[in-house]
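Here's the structure, in structure tokens; my notes come after.
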Amino acid sequence: MVTSGFERRTRAGATYATLALFAVYCLFPFLWMVDTALKPPGEVRSLNPTFWIVNPTLENFRHVLTDGNFLAYFRNSVIVAGGATALSLMIAIFCGYALSRFPREPITRTVGGALLMSQMIPGVLLLAPIYILMRELGLLSTYRALIIVYCTFAIPLCSFMLKGFFDGVPGELEDAAEMDGCSRFGFIYRILLPLAAPGILATALFCFVTAWNEFLFGYVLINDEARRTLTPGIMVFKGPHLTDWGALMAAAVLAVVPVAVFFVYLQRFLMEGLTTGAVKG
Amino acid sequence: MKALVDTPVATRLEAAARRDRGARRAALGKAAAVCVAPAAVFLLVLIAYPLSRVFWSAFHYVNLTNPTVSGFARLDNFTTVFEDEHFWPSLWRTCEWTVVSVVGEYALGLASAVALAQPIRARSVFRAIVIIPWVIPIVVAGLNWTWMLTPDYGVLNIWMVKLGLMAKPYYWLGNLNSALLTVSFVNIWRSFPFYTISLLAALLSVPREILESAAMDAAGPIRRFVYITMPELKIVSLTLIFIHVIWTAINFDFIWVMTQGGPYNASETLPIMIYRYAMEDFDVGAASALAMMTMGFMLAVFFIYWYGARSSSRESATW
Amino acid sequence: MKRLTIGLAAAALAVCGFGAPALADPVTLHFWVAWSPQQADAVGAKKEIAAYEQAHPDVKIDVQNITYDALHDKLLTALAGGDAPDLSWGLPEWLGELSRMGALRDMTEEAKTWPDRSAIYPNVIDALTIDGHLLAMPHYLGIRALLVHEDMLKAAGVASPPKTWDELIADSQAIKQKTGKFGFGIAGTGVRSPQELIMYLAQNGVSLAERQPDGKYRNTWLDDKAKLANATDVFAFYKNLLDKGVINPDGASWGWEEEDTNFGLGQYAMVIDGAWMESRETQNPEAMKDVTISAPPYKEKPATFFEINPFYVYKAGKHPKETWDFVAFMNGKEFQEAVHPNNSPRSDVTTDSKWGRGFTVLAPTGVVFPPVPLGAVTRDMIETLGQTLLKNEEPEAVARWLAASINKDLKQAGELSGN
């Protein structure tokens, strides 16, 4: 880039300053969670809270990991969030393909509009009807119930995200594939998906995090301790007369860290995926 | 995250269709139907069915604790809502909460995206850090912030006093004037990374040559940003803002976890009211009526957006 | 499952060695609780329940721990969906609404022949009875008392805890002057604040709603000048607490968490609170060691909030007999001694510690909420505190507003007398 040295230096300085501020803003609450998780009860509630811990302890982590069913909750969350992600992607890939390739078909327009409308309903109101529906389907307290519900919430945005990525794949490729005798599904499977892979990964991550963090439906639809997911599992430490901050934070840290690490690891692909999707807007 | 705009693909398909109109159209319609069918099934079962119940309840007397009243209610449930002294203030606060949140999220998202797009060292570390708020569950984030913001034993107040930023601790969530803004602030904290990711992706795809030739023409960094970068971000920005206006307006968790609409209703928004009608007054009819109205407001916003987007860009909306 | 059951039954027969009547299918009781897993009561209860299962091999107790914040929503959803648990924890404030929904099992018959009935405080059973039907079983007593940081009282030269509202205000001002800390604390919002408000109302001789000859309820403040004046006094008292520097102004927006934590940290001298504050001794031993318990100060007559925390037993449960046996077991002496030594609904279970007898002696002065759907009523009560403390409205106007609102809420729920 052709820019003056002065401008470059000011720019770098301003960039680092901005990023440092953002880093503090984003990290502070998380670090405070980690810090609290490492404190003994007497230091958690204090009139003079500090980052420095006089008697650091792993007791909260031990308690969370050994006394309850935390590991089971973790496994359940992995199953539910993973299942919801896989199912939503499968459905959203086709839906996104239709939105991208047949935008003028009446059926596409109708479903597209419905997808958008579905985002406008307050979740509280869906609670009772969905509960009743799940009971009638005999799915209460099953992984399937949560997978289906999270899937429903994720499909609209996933479809629109994927539409964006598919738009970036040139139509000539499809014509060429068709001439080579490749069927439409063959094209999706063999050409479109590999080309849009980074975008699909980004969509998948979005979907996974949303399902991983959901609270209310996870609570209400699961009546079986063995199927309980993480967020409700964390919240039991908020007791009727006392919040066990140490344990609550320890559990939250254990829930957040794997996802955060996952994100850091996939961050490069994520950025690449979103970039291809955003081209030409 | 891409805008809902037309593509060259469609034009090409149209050209093809002209050659063999009848059969081609039928085939396309069939293919489209097959592709959207699974999504449509999910919507029908899990959204349309509950939604039809909401619609039905909005026009009937449905009270969980008072079975003595039942039957068709005409517009009584809507009257209940309109006569509620909380309705207009809540509607206003919903707008305030939505606008403050979305504007804040967009501003922070844009600033962080621009910073992260610079060619600096440790870029990927910063990119990873910025994502962290977004992976923390809302309930946990809400509790944690509530605790950090308490005046007597919360770390933020105590530190700000020590640093001399404030004379004495301030009850951010407990004062009428600051409660809603404070919850908005926390909402911004948790939601802006989504903007960062999307805007950053769009920024990175701004063709470098354009910026370079502009720099040759001695355009300053601010001019370059305003006249070249921003237009490139327009579509992504509009989409982001639009979807977040919807999500924020119907957001319930953050406010409920942090203030439950208090103090003295200072942070009560329409979703909180819906919750109260349904879960505290057991008046499902009124809750449904209010939900229908909320959806109506949102559809209005959508049409404004749609026509706005249509008239401002020559491309027509996709559906 | 079936094969397993048959297998078990066959095995049992084989073990027994003779043709005993085949074992009934094992019964699973679904029990929703909201305990903090690490607290003593939860640890004790888990042990007792395990022992119960051992003693009753044909009964399995499926315990679901749910955070209190979500328990109400989950219960309502499950009830609306026709899929309630067999029994659950809950707040006493929910008795009216659950009863109106027709969700609760009438246990009057079982209770008639219940040997332990005489051991339960009579007013506890009364409070769980609506129209002669026993609709819930006692769980624990959350009687409220005045908790005092005695060292702060001493530092201010106050000899004994305040007995009246006026003394409370005067003593608190002395404390503020001498120690710089506030004398008293309240919860201005959240589930705790209506519980405090109903107590102050009772201490001045007024109640939220009275049962009328037609069996329904009505707030009568607007029909009776004396009552309106008494109710007005209560809001004036709240206003005084704020204006005279008795409470931290932030208290107007405190929930129970802020109220309890600040007391546990020794941030103010006195609070009306429950025996669960004992758990703060382990969290903040230094600040909590000087705490003494006495009766809440009053104006016209001594009164305190008597939280009779119930076990709700649901009509939809499929095993009424086993559920009754289990809930009766949880009200038995053994269970109560192990789990609620300090705050048991049984008069024969108490400890001489301040966290035990210090609270139970106040039981006769206890008041409870009327058994009507309270969701809207308690919300209006919270609003009156906002009007008084945050909006600085006139006490009489606030009292009038609350009277009218309660009757409106009663009407909405179909519980208003004369309608």
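Simple scheme: letters A, B, ... for chains in structure tokens order, numbers from 1 for residues in each chain, numbers from 1 for ligands in the order shown.
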Using only C-alpha atoms, tabulate the residues of chain B lying at most 6 Å from any atom of chain A, each with its closest atom pair and that distance in Å to one decimal, by chain and increasing residue number, as a tab-separated table.
```
residue	atom	partner	partner_atom	distance
B:Met1	CA	A:Met161	CA	4.6
B:Lys2	CA	A:Gly164	CA	4.7
B:Val9	CA	A:Gly171	CA	5.4
B:Ala32	CA	A:Ala98	CA	5.4
B:Cys35	CA	A:Phe94	CA	4.8
B:Val36	CA	A:Cys95	CA	4.7
B:Ala39	CA	A:Ile91	CA	5.9
B:Pro50	CA	A:Pro129	CA	5.4
B:Ala115	CA	A:Thr15	CA	5.2
B:Ala128	CA	A:Val264	CA	5.2
B:Val130	CA	A:Cys26	CA	6.0
B:Pro133	CA	A:Cys26	CA	5.9
B:Ile136	CA	A:Val256	CA	5.9
B:Pro137	CA	A:Asn213	CA	4.6
B:Tyr153	CA	A:Leu47	CA	4.9
B:Val155	CA	A:Pro49	CA	5.7
B:Ala201	CA	A:Thr275	CA	4.3
B:Ala202	CA	A:Ala278	CA	5.2
B:Ser205	CA	A:Val279	CA	5.9
B:Glu212	CA	A:Met1	CA	5.8
B:Ile235	CA	A:Gly281	CA	5.8
B:Ile250	CA	A:Pro122	CA	5.4
B:Met295	CA	A:Met120	CA	5.9
B:Thr318	CA	A:Pro103	CA	5.6
B:Trp319	CA	A:Arg109	CA	4.7
```
Wanna dump the chain A-chain C contacts at 7 Å for me, each residue with its shortest atom pair and the distance in Å to one decimal, counting only C-alpha atoms, ordered by chain and number, as JSON lines?
```
{"residue": "A:Pro41", "atom": "CA", "partner": "C:Gln283", "partner_atom": "CA", "distance": 5.5}
{"residue": "A:Gly42", "atom": "CA", "partner": "C:Gln283", "partner_atom": "CA", "distance": 5.2}
{"residue": "A:Ala128", "atom": "CA", "partner": "C:Thr77", "partner_atom": "CA", "distance": 5.3}
{"residue": "A:Tyr131", "atom": "CA", "partner": "C:Gly81", "partner_atom": "CA", "distance": 6.3}
{"residue": "A:Ile132", "atom": "CA", "partner": "C:Gly81", "partner_atom": "CA", "distance": 4.8}
{"residue": "A:Val220", "atom": "CA", "partner": "C:Lys74", "partner_atom": "CA", "distance": 5.3}
{"residue": "A:Asp224", "atom": "CA", "partner": "C:Gln64", "partner_atom": "CA", "distance": 6.8}
{"residue": "A:Glu225", "atom": "CA", "partner": "C:Gln64", "partner_atom": "CA", "distance": 6.0}
{"residue": "A:Met235", "atom": "CA", "partner": "C:Thr67", "partner_atom": "CA", "distance": 6.0}
{"residue": "A:Val236", "atom": "CA", "partner": "C:Thr67", "partner_atom": "CA", "distance": 4.6}
{"residue": "A:Phe237", "atom": "CA", "partner": "C:Ser36", "partner_atom": "CA", "distance": 5.7}
{"residue": "A:Lys238", "atom": "CA", "partner": "C:Thr67", "partner_atom": "CA", "distance": 6.3}
{"residue": "A:Gly239", "atom": "CA", "partner": "C:Ser36", "partner_atom": "CA", "distance": 4.6}
{"residue": "A:Pro240", "atom": "CA", "partner": "C:Tyr68", "partner_atom": "CA", "distance": 5.7}
{"residue": "A:His241", "atom": "CA", "partner": "C:Trp276", "partner_atom": "CA", "distance": 6.7}
```
For the contact check between chain B and chain C, emit one row per residue of chain B within 9 Å, containing the shortest atom pair and the distance in Å rounded to one decimal, counting only C-alpha atoms, chain then rising number order, as a Markdown table.
```
| residue | atom | partner | partner_atom | distance |
| --- | --- | --- | --- | --- |
| B:Asn63 | CA | C:Ala413 | CA | 8.1 |
| B:Leu64 | CA | C:Met101 | CA | 6.1 |
| B:Thr65 | CA | C:Met101 | CA | 4.9 |
| B:Asn66 | CA | C:Ala413 | CA | 5.2 |
| B:Pro67 | CA | C:Met101 | CA | 8.0 |
| B:Thr68 | CA | C:Gly414 | CA | 7.3 |
| B:Val69 | CA | C:Gly414 | CA | 8.5 |
| B:Thr150 | CA | C:Glu258 | CA | 8.1 |
| B:Pro151 | CA | C:Asp250 | CA | 8.4 |
| B:Asp152 | CA | C:Asn262 | CA | 7.3 |
| B:Tyr153 | CA | C:Asn262 | CA | 7.9 |
| B:Tyr170 | CA | C:Asp250 | CA | 8.8 |
| B:Tyr171 | CA | C:Asp250 | CA | 6.7 |
| B:Leu173 | CA | C:Ser253 | CA | 8.2 |
| B:Gly174 | CA | C:Ser253 | CA | 4.9 |
| B:Asn175 | CA | C:Ser253 | CA | 7.5 |
| B:Leu176 | CA | C:Leu390 | CA | 7.7 |
| B:Gln260 | CA | C:Gly190 | CA | 8.2 |
| B:Gly262 | CA | C:Thr189 | CA | 7.7 |
| B:Pro263 | CA | C:Ser253 | CA | 5.8 |
| B:Tyr264 | CA | C:Gly386 | CA | 4.9 |
| B:Asn265 | CA | C:Glu383 | CA | 8.1 |
| B:Arg276 | CA | C:Ala376 | CA | 8.4 |
| B:Tyr277 | CA | C:Ala376 | CA | 8.8 |
| B:Met279 | CA | C:Asp73 | CA | 6.9 |
| B:Glu280 | CA | C:Gly375 | CA | 4.4 |
| B:Asp281 | CA | C:Ala376 | CA | 5.5 |
| B:Phe282 | CA | C:Gly375 | CA | 8.3 |
| B:Asp283 | CA | C:Gln412 | CA | 8.7 |
```
Among stretch 71-199 of chain B, which ones does DSSP place in alpha helix (DSSP H), written as a PyMOL selection string?
chain B and resi 76-83+87-117+123-135+138-149+155-162+179-199
Print the selection's residues with C-alpha atoms to a file, as a compact mmCIF listing (two decimals), in the first residue's frame.
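Final output, saved to again.txt:
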```
# COMPACT_ATOMS: atom_id res chain seq x y z
CA ASP B 76 -61.04 -7.57 24.46
CA ASN B 77 -57.51 -8.86 24.85
CA PHE B 78 -56.21 -6.03 22.72
CA THR B 79 -58.23 -3.61 24.83
CA THR B 80 -56.63 -5.08 27.95
CA VAL B 81 -53.23 -4.37 26.48
CA PHE B 82 -54.06 -0.85 25.31
CA GLU B 83 -55.58 0.06 28.65
CA PHE B 87 -48.07 -0.52 27.53
CA TRP B 88 -46.98 2.80 25.99
CA PRO B 89 -43.97 3.26 28.28
CA SER B 90 -42.92 -0.31 27.52
CA LEU B 91 -43.29 0.22 23.81
CA TRP B 92 -41.15 3.32 24.06
CA ARG B 93 -38.54 1.51 26.16
CA THR B 94 -38.48 -1.35 23.66
CA CYS B 95 -37.55 1.15 20.95
CA GLU B 96 -34.99 2.79 23.20
CA TRP B 97 -33.44 -0.53 24.18
CA THR B 98 -33.36 -1.70 20.57
CA VAL B 99 -31.92 1.50 19.14
CA VAL B 100 -29.30 1.96 21.86
CA SER B 101 -28.24 -1.67 21.65
CA VAL B 102 -28.07 -1.88 17.88
CA VAL B 103 -26.34 1.49 17.44
CA GLY B 104 -23.81 0.60 20.15
CA GLU B 105 -23.24 -2.86 18.75
CA TYR B 106 -22.75 -1.48 15.26
CA ALA B 107 -20.37 1.24 16.39
CA LEU B 108 -18.22 -1.14 18.41
CA GLY B 109 -18.45 -3.81 15.75
CA LEU B 110 -17.29 -1.41 13.05
CA ALA B 111 -14.48 0.07 15.16
CA SER B 112 -13.18 -3.35 16.15
CA ALA B 113 -13.51 -4.71 12.61
CA VAL B 114 -11.56 -1.79 11.15
CA ALA B 115 -8.86 -2.22 13.78
CA LEU B 116 -8.68 -5.96 13.21
CA ALA B 117 -8.41 -5.50 9.45
CA ARG B 123 -3.86 -9.96 14.75
CA SER B 124 -5.21 -13.46 15.21
CA VAL B 125 -4.83 -13.22 18.98
CA PHE B 126 -6.96 -10.08 19.06
CA ARG B 127 -9.47 -11.61 16.68
CA ALA B 128 -9.85 -14.55 19.05
CA ILE B 129 -10.21 -12.32 22.12
CA VAL B 130 -12.98 -10.27 20.59
CA ILE B 131 -15.09 -13.37 20.04
CA ILE B 132 -15.06 -14.38 23.71
CA PRO B 133 -18.12 -12.42 24.96
CA TRP B 134 -20.20 -14.07 22.30
CA VAL B 135 -19.49 -17.62 23.47
CA ILE B 138 -26.44 -15.05 28.23
CA VAL B 139 -27.63 -16.18 31.65
CA VAL B 140 -24.10 -16.52 32.93
CA ALA B 141 -22.98 -13.23 31.40
CA GLY B 142 -26.01 -11.47 32.89
CA LEU B 143 -25.40 -12.81 36.39
CA ASN B 144 -21.70 -12.04 36.22
CA TRP B 145 -22.22 -8.45 35.11
CA THR B 146 -24.98 -7.89 37.68
CA TRP B 147 -22.57 -9.00 40.35
CA MET B 148 -19.67 -6.93 39.04
CA LEU B 149 -21.88 -3.84 38.90
CA VAL B 155 -15.56 -5.09 41.55
CA LEU B 156 -16.32 -2.43 38.93
CA ASN B 157 -17.74 0.17 41.28
CA ILE B 158 -15.01 -0.32 43.82
CA TRP B 159 -12.26 -0.06 41.23
CA MET B 160 -13.75 2.98 39.56
CA VAL B 161 -13.92 4.72 42.92
CA LYS B 162 -10.34 3.75 43.67
CA ALA B 179 -31.02 0.56 34.55
CA LEU B 180 -32.09 0.12 30.94
CA LEU B 181 -28.92 1.73 29.61
CA THR B 182 -26.81 -0.53 31.78
CA VAL B 183 -28.53 -3.65 30.51
CA SER B 184 -28.11 -2.30 26.97
CA PHE B 185 -24.42 -1.83 27.66
CA VAL B 186 -24.08 -5.46 28.70
CA ASN B 187 -26.13 -6.56 25.71
CA ILE B 188 -23.79 -4.59 23.47
CA TRP B 189 -20.82 -6.28 25.12
CA ARG B 190 -22.20 -9.71 24.39
CA SER B 191 -23.56 -9.06 20.89
CA PHE B 192 -21.04 -6.82 19.13
CA PRO B 193 -18.57 -9.62 18.28
CA PHE B 194 -21.10 -10.94 15.79
CA TYR B 195 -20.92 -7.62 13.96
CA THR B 196 -17.15 -7.66 14.21
CA ILE B 197 -16.88 -11.02 12.50
CA SER B 198 -19.29 -10.13 9.72
CA LEU B 199 -17.93 -6.64 9.07
```
